[in-house]
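**Q** Below is one structure. I have some questions about it.
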Amino acid sequence: AGKLQLELYSAVQNLVLGQTVWFLRNVSFADGIEAIVNRFRPGIVGLAAKFAEIAPAGMMERLQAEITRLTDAGVPSELADRIARLPGEAAIPDIVLISEESGRDLEEVARTYFDVAAHFRLGAMDQQARSMELRDYYDGLALDRARATLDIARRRLTLDALEAEGLENWLEANELRVKRTSRAAGEIMDGELTVSKFSVAASLFAELAR
């Protein structure tokens, strides 16, 4: 159906636009695009192939549900699988950066990254933000900056968890701060979401990270 085709185009468009912004924001182009491709391609290709092994169970359940929804609507199974994986695979460049900074194995970093996101429901937060309908240009800028703040916090929390040799160890060592932040962010995110509420929630996680 035409509506479904437009939905598939939109999924790819969202990936392209989101990743373009991410690379402009996080990577230097001084040595040209080829250098960036050579730097990130191995990690993206390698982790994408092992995504089902690395992603947490909850993420895989949502992915499988999306594949089923698409195939039931008539999308070929291989294409449905590829489209459904795009949001999760969009995190891989972040994982590559963390691996470079920490010196840790990509798969270890990926598992920790997804554990952090799942524990604090950061993916759900970002999904809510992306689904907001904004009509004011400056609200859009503010939301984009808040999402960038949340992305940085997720990277830093992952680095903290890696240094603690696992998320559980880090959570135990920071129990009071974690509970306070999680409770406050949960209260903020409940109900109708606004740009200001999301911005405050993102800043709370930025403060929780080192």
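Scheme for the structure tokens: letters A, B, ... for chains in order shown; per-chain residue numbers from 1; ligand numbers from 1 in order shown.
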Find the residues near Thr112 (chain A): any atom within 9 Å, counting only C-alpha atoms, skip ones fewer than 2 places away on the same chain, and give them as a tab-separated table (two decimals) with C-alpha atoms, in the first residue's frame.
**A**
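selection_2.tsv, written as the output of this step:
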chain	number	residue	atom	x	y	z
A	107	GLU	CA	30.72	-6.15	21.80
A	108	GLU	CA	31.34	-5.47	25.50
A	109	VAL	CA	30.66	-1.78	24.94
A	110	ALA	CA	27.50	-2.55	22.96
A	114	PHE	CA	22.13	-1.21	25.68
A	115	ASP	CA	21.98	-2.22	29.36
A	116	VAL	CA	22.30	1.43	30.40
A	117	ALA	CA	19.64	2.52	27.91
A	158	THR	CA	28.22	3.69	29.59
A	159	LEU	CA	31.84	4.71	30.20
A	161	ALA	CA	29.62	1.37	33.87
A	162	LEU	CA	32.57	-0.01	31.88
A	166	GLY	CA	29.57	-3.68	34.74
A	167	LEU	CA	26.36	-1.69	35.11
**Q** Would you pick out the contacts of region 68-84 of chain A at 12 Å or less, using only C-alpha atoms, so that residues sharing its chain but fewer than 4 positions from it are not included, and give the list as a ChimeraX atom specification?
**A** /A:1-5,7-15,48-49,51-52,59-64,88-90
**Q** Could you give me the residues within region 15-117 of chain A that DSSP places in alpha helix (DSSP H), as a ChimeraX atom specification?
**A** /A:15-26,33-49,51-54,57-72,77-89,92-102,106-117
**Q** Which of these residues is nearest to Glu163 (chain A), using only C-alpha atoms: A:Ser102, A:Pro87, A:Leu134, A:Arg121?
**A** A:Ser102
**Q** Which polymer residues have any atom within 8 Å of an atom of Gly43 (chain A), counting only C-alpha atoms, with same-chain residues fewer than 6 positions away left out, as a list in words?
**A** Ile92, Pro93, Val96 and Leu106 of chain A
**Q** Just the selected residues (N, CA and C atoms), exported as an mmCIF file, in the first residue's frame, please.
**A**
data_model
loop_
_atom_site.group_PDB
_atom_site.id
_atom_site.type_symbol
_atom_site.label_atom_id
_atom_site.label_comp_id
_atom_site.auth_asym_id
_atom_site.auth_seq_id
_atom_site.Cartn_x
_atom_site.Cartn_y
_atom_site.Cartn_z
ATOM 1 N N ILE A 92 25.089 2.442 16.786
ATOM 2 C CA ILE A 92 26.422 1.851 16.654
ATOM 3 C C ILE A 92 27.543 2.887 16.559
ATOM 4 N N PRO A 93 27.395 3.998 15.828
ATOM 5 C CA PRO A 93 28.480 4.985 15.847
ATOM 6 C C PRO A 93 28.813 5.480 17.251
ATOM 7 N N VAL A 96 30.934 2.871 18.801
ATOM 8 C CA VAL A 96 32.305 2.928 18.278
ATOM 9 C C VAL A 96 33.108 4.009 19.003
ATOM 10 N N LEU A 106 34.294 -3.895 21.223
ATOM 11 C CA LEU A 106 33.038 -3.347 20.723
ATOM 12 C C LEU A 106 31.820 -4.081 21.273
#
**Q** Any idea what the distance is between CA of Leu208 (chain A) and CA of Ile98 (chain A)?
**A**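 Distance reported for this atom pair: 17.6 Å.
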**Q** Can you work out which one of A:Glu53, A:Val195, A:Phe120, A:Val21 has the shortest atom-to-atom distance to Thr181 (chain A), counting only C-alpha atoms?
**A**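 Of all the options, A:Phe120 lies closest to Thr181 (chain A).
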